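This report concerns only the one structure given below.
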Protein chains: 2
Amino acid sequence: MNSKKKKKSTPEQRTQNMRTVALRAGVSSATVSRVINGLPSVKQETAEHVRKIIEELRFIPNPSATTLKYGRSNTYGLIVPDLTNPFFPEFLLHFEQVLVENDHEILVATTQSSEEKLTNSVRRMIMRRVDGVVLMASEMDTRSIEPIFDHQIPMVTVDRRRVHKGCGDVAIAFENGFREAVVYLKELGHRRIGFVGGTEGLTTSEVRLQAFQQALQNAGLMFTSRFVRAADYRVDGADAAMSSLLNEPDRPTAIMTVNDLTAFGVLRALHRAGIKVPSEMSVVGFDGILLSSAVQPPLTTIAISLKDMANRCLEALGKLKADVSKRGPLLLVNSKLLIRESTGPAPPK
Amino acid sequence: MNSKKKKKSTPEQRTQNMRTVALRAGVSSATVSRVINGLPSVKQETAEHVRKIIEELRFIPNPSATTLKYGRSNTYGLIVPDLTNPFFPEFLLHFEQVLVENDHEILVATTQSSEEKLTNSVRRMIMRRVDGVVLMASEMDTRSIEPIFDHQIPMVTVDRRRVHKGCGDVAIAFENGFREAVVYLKELGHRRIGFVGGTEGLTTSEVRLQAFQQALQNAGLMFTSRFVRAADYRVDGADAAMSSLLNEPDRPTAIMTVNDLTAFGVLRALHRAGIKVPSEMSVVGFDGILLSSAVQPPLTTIAISLKDMANRCLEALGKLKADVSKRGPLLLVNSKLLIRESTGPAPPK
DNA sequence: ATGAAAGCGCTAACAA
DNA sequence: TTGTTAGCGCTTTCAT
């Protein structure tokens with residue numbers, strides 16, 4: 001029963017289009033287009049009639065025609081390193097919320113910290129003619145993202161802290177958050193504060209480490225690299241790093257971390273070592289992912305407002321859309337200490 | 001410096017296209033197309049030359065033309081209820097892995113369990129002319145997804161356990177997993193096993209509860225609804241449900257749950273109540289999300305192979321693509337008990 | 001082995 | 001206020 005009817009050239013089944021609607025409504029397809037796009041130059045009456053037909057026919061327009069015509073797709077690209085870190089899906093959620101309101105789509109790509117995948121993701125973004133890209137994989141080499149600029153696509157990076165032609169940046173105000181946390185820990189009597197950081201060699205990791213160092217200085221506390229370990233933003237790496245840190249002769253009484261996953265790893269290492277949190281050691285996370293309140297003990301963490309961050313990204317992208325040839329803005333997202341139960345008074349000497 | 005040159009009709013800046021390449025290579029755009037698509041009917045020499053030009057020009061094709069022509073977009077849709085449950089992003093990751101290999105895109109939509117959002121997501125899927133949809137929001141009313149069938153788009157649901165015309169299903173084999181877990185708990189001496197389930201009224205919740213009940217029967221253990229609570233697949237809801245369960249006069253010695261997030265909530269409630277895990281009570285999760293090994297204690301859980309699941313979804317979609325007018329397959333994904341530290345021998349009477 | 005050309009659905013000029 | 005029409009980039013007959 002395989003019907004092999006080929007009329008002329010159209011190879012697959014035809015779908016409805018504005019013509020179909022127009023024919024049925026007794027108007028031209030231009031009018032249908034105008035109605036759908038809400039242009040004012042249509043008689044009230046006609047518009048309503050057309051809308052009724054659209055309803056009847058359950059007509060759904062085909063945006064690929066518009067994409068073809070204008071080279072823009074009402075889609076934004078989001079490139080993230082790792083969807084298994086809940087921070088990114090949570091951001092995605094907020095980003096989506098803002099965009100879908102505006103009838104935009106999101107094209108998500110993950111890089112898994114591979115240069116090759118990034119190059120590939122960038123290519124996909126360009127192919128799909130995205131209106132803008134948010135790049136959260138700041139660890140990457142600049143070369144891979146150059147095609148974005150060649151194609152005049154606005155881009156915002158997160159936490160690269162550099163802007164240039166066609167590219168803005170949304171930076172997380174680590175400084176504030178770390179300062180607030182250090183002050184808080186100091187008030188609790190902590191004097192030796194350690195740090196489990198991110199992958200070495202990444203700008204973003206260095207920025208965070210420096211912010212921590214700065215915060216210690218501001219509070220008049222001593223910084224020693226003996227209390228610092230690099231990890232990889234993930235649980236297992238952080239666990240290992242913390243275990244190594246525990247070998248230091250005089251231990252810190254509090255640990256700050258580069259993100260919540262790292263804090264989870266630290267908690268696990270401490271638990272395995274039989275060190276009680278917070279009575280023997282305090283732990284502070286960073287990010288404020290939803291699950292940070294679900295672990296034991298609920299994590300004191302420096303939270304970022306994802307909503308704010310999504311809005312800033314859009315803001316930067318919007319500014320660039322007006323003129324891709326100028327340098328993008330450098331915006332800041334604040335962080336805020338969220339006190340829960342993984343921190344407490346420093347143990348007595 | 002706003003250049004306002006309008007030549008004829010083209011409103012935005014032109015981009016490269018196959019013509020550009022063709023001109024430069026001294027061939028026709030048809031040949032360029034054939035080279036790009038790897039058709040065999042091109043002279044080796046010509047093909048290489050064209051490829052060189054493509055390279056030189058850094059040409060990137062525009063798939064929206066193809067989408068327009070053929071009404072298919074090389075994109076699959078994925079509709080999930082909740083990106084903040086790590087299970088879904090983790091699945092997305094595997095799904096993406098399989099698809100990107102095949103030069104496909106993913107269009108993600110979240111429903112947040114809202115019927116309206118689902119309707120909207122479905123519309124977006126149709127607009128973008130996706131080649132198929134994976135629907136993980138099985139809690140939803142059927143009406144909202146009907147347009148998918150009207151538009152002949154293959155669909156796979158996850159864990160609806162019903163198939164029909166144009167729609168397959170990938171079911172998670174809860175039965176196996178629960179049976180395995182119950183047997184394991186029984187061997188540890190547990191006789192009273194409680195259950196914290198999913199949102200009431202959802203097929204998927206009922207399936208899981210029944211699987212649990214069945215597993216108890218098979219093991220010759222008593223089932224009592226006093227030891228069962230409905231929650232909402234999330235931490236807070238599960239925490240509350242567990243707290244309520246603790247009010248029962250003779251408590252269960254082990255708790256099984258409907259997903260890992262629920263287990264996290266249970267752990268938190270137990271911790272707050274001062275009940276030690278696993279010495280006083282054992283807890284079993286479901287899903288095997290990455291973070292299940294990061295909590296304290298590391299969670300014994302019934303793990304699903306996400307890779308397997310992604311492959312099954314594709315398999316079902318592939319079968320349907322061959323013929324959307326027939327009913328889709330009903331495939332099964334296995335689950336497997338992962339023993340960690342949240343389970344132990346039943347406490348002495 | 002290659003080229004010419006039609007047409008996918010939509011929208012903005014332009015005409016009426 | 002509405003209609004006519006060209007053309008976005010690509011693929012695929014059909015012709016050469």
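Chain lettering (A, B, ...) mirrors the order of the structure tokens, residue numbering begins at 1 for each chain separately, and ligand numbering begins at 1 in order of display.
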Proximal residues of chain B relative to chain A (only C-alpha atoms; 7 Å) as a list in words
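For chain B, the answer reads Glu12, Ile60, Pro61, Asn62, Pro63, Ser64, Ala65, Thr67, Leu68, Tyr70, Leu83, Thr84, Pro86, Pro89, Glu90, Leu93, Leu107, Met127, Arg128, Val235, Phe264, Gly265, Arg268, Ala294, Val295 and Gln296 of chain B.
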For DA5 of chain C, please output as a list in words all residues within 10 Å (counting only C-alpha atoms (C1' of nucleotides); exclusion window: fewer than 2 positions along the same chain).
DG3 and DG7 of chain C; DT13 and DC14 of chain D
Work out how far atom CA of Glu56 of chain A is from atom CA of Gly168 of chain B, in Å to one decimal.
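Taking atom CA of Gly168 of chain B as the start and atom CA of Glu56 of chain A as the end point, the length is 28.4 Å.
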List as a Markdown table every residue of chain D that is in contact with chain B, defined as an atom at most 8 Å from one of its atoms (using only C-alpha atoms (C1' of nucleotides)), together with the nearest atom pair and the distance in Å rounded to one decimal, sorted by chain and then rising number.
| residue | atom | partner | partner_atom | distance |
| --- | --- | --- | --- | --- |
| D:DA6 | C1' | B:Ser9 | CA | 7.9 |
| D:DG7 | C1' | B:Thr10 | CA | 7.8 |
| D:DG9 | C1' | B:Ala65 | CA | 5.1 |
| D:DC10 | C1' | B:Ala65 | CA | 5.2 |
| D:DT11 | C1' | B:Ser33 | CA | 7.3 |
Strand (DSSP E) positions in segment 152-251 of chain B, given as a list in words
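After running DSSP on the backbone, segment 152-251 of chain B has strand (DSSP E) at Met155, Val156, Thr157, Val158, Cys167, Gly168, Asp169, Val170, Ala171, Ile172, Ile193, Gly194, Phe195, Val196, Gly197, Val228, Arg229 and Ala230 of chain B.
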Taking C-alpha atoms for each residue, export the selection above as a compact mmCIF listing (two decimals), in the first residue's frame.
# COMPACT_ATOMS: atom_id res chain seq x y z
CA MET B 155 6.91 10.37 19.42
CA VAL B 156 8.24 8.28 22.26
CA THR B 157 6.97 8.65 25.75
CA VAL B 158 8.92 7.48 28.75
CA CYS B 167 3.76 6.72 19.51
CA GLY B 168 6.12 4.31 21.19
CA ASP B 169 7.09 4.02 24.81
CA VAL B 170 10.27 3.35 26.69
CA ALA B 171 9.37 1.91 30.05
CA ILE B 172 11.67 1.68 33.00
CA ILE B 193 9.71 -1.65 54.48
CA GLY B 194 8.14 1.71 53.82
CA PHE B 195 7.77 3.66 50.59
CA VAL B 196 7.86 7.33 49.74
CA GLY B 197 6.25 7.67 46.35
CA VAL B 228 3.41 4.52 52.31
CA ARG B 229 3.41 8.24 51.63
CA ALA B 230 2.98 10.17 48.43
With only C-alpha atoms (C1' of nucleotides) considered, list every residue of chain C at most 10 Å from chain A, as an mmCIF file with C-alpha atoms (C1' of nucleotides), in the first residue's frame.
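part.cif, written as the output of this step:
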data_model
loop_
_atom_site.group_PDB
_atom_site.id
_atom_site.type_symbol
_atom_site.label_atom_id
_atom_site.label_comp_id
_atom_site.auth_asym_id
_atom_site.auth_seq_id
_atom_site.Cartn_x
_atom_site.Cartn_y
_atom_site.Cartn_z
ATOM 1 C "C1'" DA C 6 11.985 25.040 -9.795
ATOM 2 C "C1'" DG C 7 10.074 25.494 -5.499
ATOM 3 C "C1'" DC C 8 9.784 24.863 -0.197
ATOM 4 C "C1'" DG C 9 6.854 29.157 3.159
ATOM 5 C "C1'" DC C 10 7.279 33.558 4.476
ATOM 6 C "C1'" DT C 11 7.492 38.742 4.461
ATOM 7 C "C1'" DA C 12 8.386 43.412 2.838
#
Rank B:Thr343, B:Thr46, B:Ser144, B:Gln112 by their smallest atom-to-atom distance to DA1 of chain C, using only C-alpha atoms (C1' of nucleotides), and report the top residue only.
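Of all the options, B:Thr46 lies closest to DA1 of chain C.
For DT2 of chain C, the list of residues within 9 Å, based on only C-alpha atoms (C1' of nucleotides) and with local chain neighbours fewer than 4 positions off taken out, reads B:Val27, B:Ser28, B:Ala30, B:Thr31, B:Val42, D:DT16.
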Could you turn the residues from that selection into a file that holds N, CA and C atoms (P, O5', C5', C4', C3', O3' and C1' of nucleotides), as a PDB file, in the first residue's frame?
ATOM      1  N   VAL B  27      32.251  26.093 -10.527  1.00  0.00           N
ATOM      2  CA  VAL B  27      31.293  25.008 -10.782  1.00  0.00           C
ATOM      3  C   VAL B  27      29.895  25.552 -10.505  1.00  0.00           C
ATOM      4  N   SER B  28      28.900  24.690 -10.562  1.00  0.00           N
ATOM      5  CA  SER B  28      27.554  25.149 -10.247  1.00  0.00           C
ATOM      6  C   SER B  28      27.231  24.845  -8.794  1.00  0.00           C
ATOM      7  N   ALA B  30      24.854  23.262  -7.706  1.00  0.00           N
ATOM      8  CA  ALA B  30      24.431  21.867  -7.585  1.00  0.00           C
ATOM      9  C   ALA B  30      25.622  20.984  -7.225  1.00  0.00           C
ATOM     10  N   THR B  31      26.729  21.245  -7.879  1.00  0.00           N
ATOM     11  CA  THR B  31      27.927  20.455  -7.593  1.00  0.00           C
ATOM     12  C   THR B  31      28.391  20.671  -6.157  1.00  0.00           C
ATOM     13  N   VAL B  42      30.423  12.819  -8.155  1.00  0.00           N
ATOM     14  CA  VAL B  42      31.271  13.979  -8.416  1.00  0.00           C
ATOM     15  C   VAL B  42      32.695  13.492  -8.644  1.00  0.00           C
TER      16      VAL B  42
ATOM     17  P    DT D  16      18.612  19.094 -23.467  1.00  0.00           P
ATOM     18  O5'  DT D  16      20.177  18.996 -23.189  1.00  0.00           O
ATOM     19  C5'  DT D  16      20.842  20.119 -22.603  1.00  0.00           C
ATOM     20  C4'  DT D  16      22.228  19.698 -22.227  1.00  0.00           C
ATOM     21  C3'  DT D  16      23.050  19.116 -23.380  1.00  0.00           C
ATOM     22  O3'  DT D  16      24.182  19.947 -23.596  1.00  0.00           O
ATOM     23  C1'  DT D  16      23.308  17.862 -21.394  1.00  0.00           C
TER      24       DT D  16
END
What are the DSSP alpha helix (DSSP H) residues of segment 120-327 of chain B, as number ranges by chain?
B: 120-127, 146-150, 174-187, 203-218, 235-245, 260-272, 306-322
Atom CA of Arg340 of chain B and atom CA of Asp250 of chain B are how many Å apart?
26.0 Å
DA15 of chain C surroundings by only C-alpha atoms (C1' of nucleotides), 12 Å radius, close-in-sequence under 3 positions cut, as a VMD selection string
chain D and resid 2 to 5
Can I get the selection written as a PDB file, in the first residue's frame, with N, CA and C atoms (P, O5', C5', C4', C3', O3' and C1' of nucleotides)?
ATOM      1  P    DT D   2      -8.441  44.488   4.984  1.00  0.00           P
ATOM      2  O5'  DT D   2      -7.624  44.216   3.656  1.00  0.00           O
ATOM      3  C5'  DT D   2      -8.349  44.142   2.429  1.00  0.00           C
ATOM      4  C4'  DT D   2      -7.361  43.988   1.307  1.00  0.00           C
ATOM      5  C3'  DT D   2      -6.598  42.666   1.296  1.00  0.00           C
ATOM      6  O3'  DT D   2      -7.182  41.890   0.265  1.00  0.00           O
ATOM      7  C1'  DT D   2      -5.252  44.516   0.638  1.00  0.00           C
ATOM      8  P    DG D   3      -6.618  40.435  -0.018  1.00  0.00           P
ATOM      9  O5'  DG D   3      -5.666  40.759  -1.254  1.00  0.00           O
ATOM     10  C5'  DG D   3      -6.238  41.358  -2.409  1.00  0.00           C
ATOM     11  C4'  DG D   3      -5.192  41.522  -3.483  1.00  0.00           C
ATOM     12  C3'  DG D   3      -4.420  40.246  -3.820  1.00  0.00           C
ATOM     13  O3'  DG D   3      -4.266  40.196  -5.238  1.00  0.00           O
ATOM     14  C1'  DG D   3      -2.907  41.947  -3.173  1.00  0.00           C
ATOM     15  P    DT D   4      -3.735  38.894  -5.916  1.00  0.00           P
ATOM     16  O5'  DT D   4      -2.376  39.401  -6.574  1.00  0.00           O
ATOM     17  C5'  DT D   4      -2.181  40.789  -6.855  1.00  0.00           C
ATOM     18  C4'  DT D   4      -0.790  40.969  -7.428  1.00  0.00           C
ATOM     19  C3'  DT D   4      -0.071  39.691  -7.862  1.00  0.00           C
ATOM     20  O3'  DT D   4       0.760  40.024  -8.953  1.00  0.00           O
ATOM     21  C1'  DT D   4       1.150  40.697  -6.121  1.00  0.00           C
ATOM     22  P    DT D   5       1.612  38.920  -9.702  1.00  0.00           P
ATOM     23  O5'  DT D   5       3.018  39.057  -8.993  1.00  0.00           O
ATOM     24  C5'  DT D   5       3.687  40.326  -9.049  1.00  0.00           C
ATOM     25  C4'  DT D   5       4.998  40.233  -8.293  1.00  0.00           C
ATOM     26  C3'  DT D   5       5.792  38.946  -8.543  1.00  0.00           C
ATOM     27  O3'  DT D   5       7.142  39.320  -8.665  1.00  0.00           O
ATOM     28  C1'  DT D   5       5.541  39.286  -6.242  1.00  0.00           C
TER      29       DT D   5
END
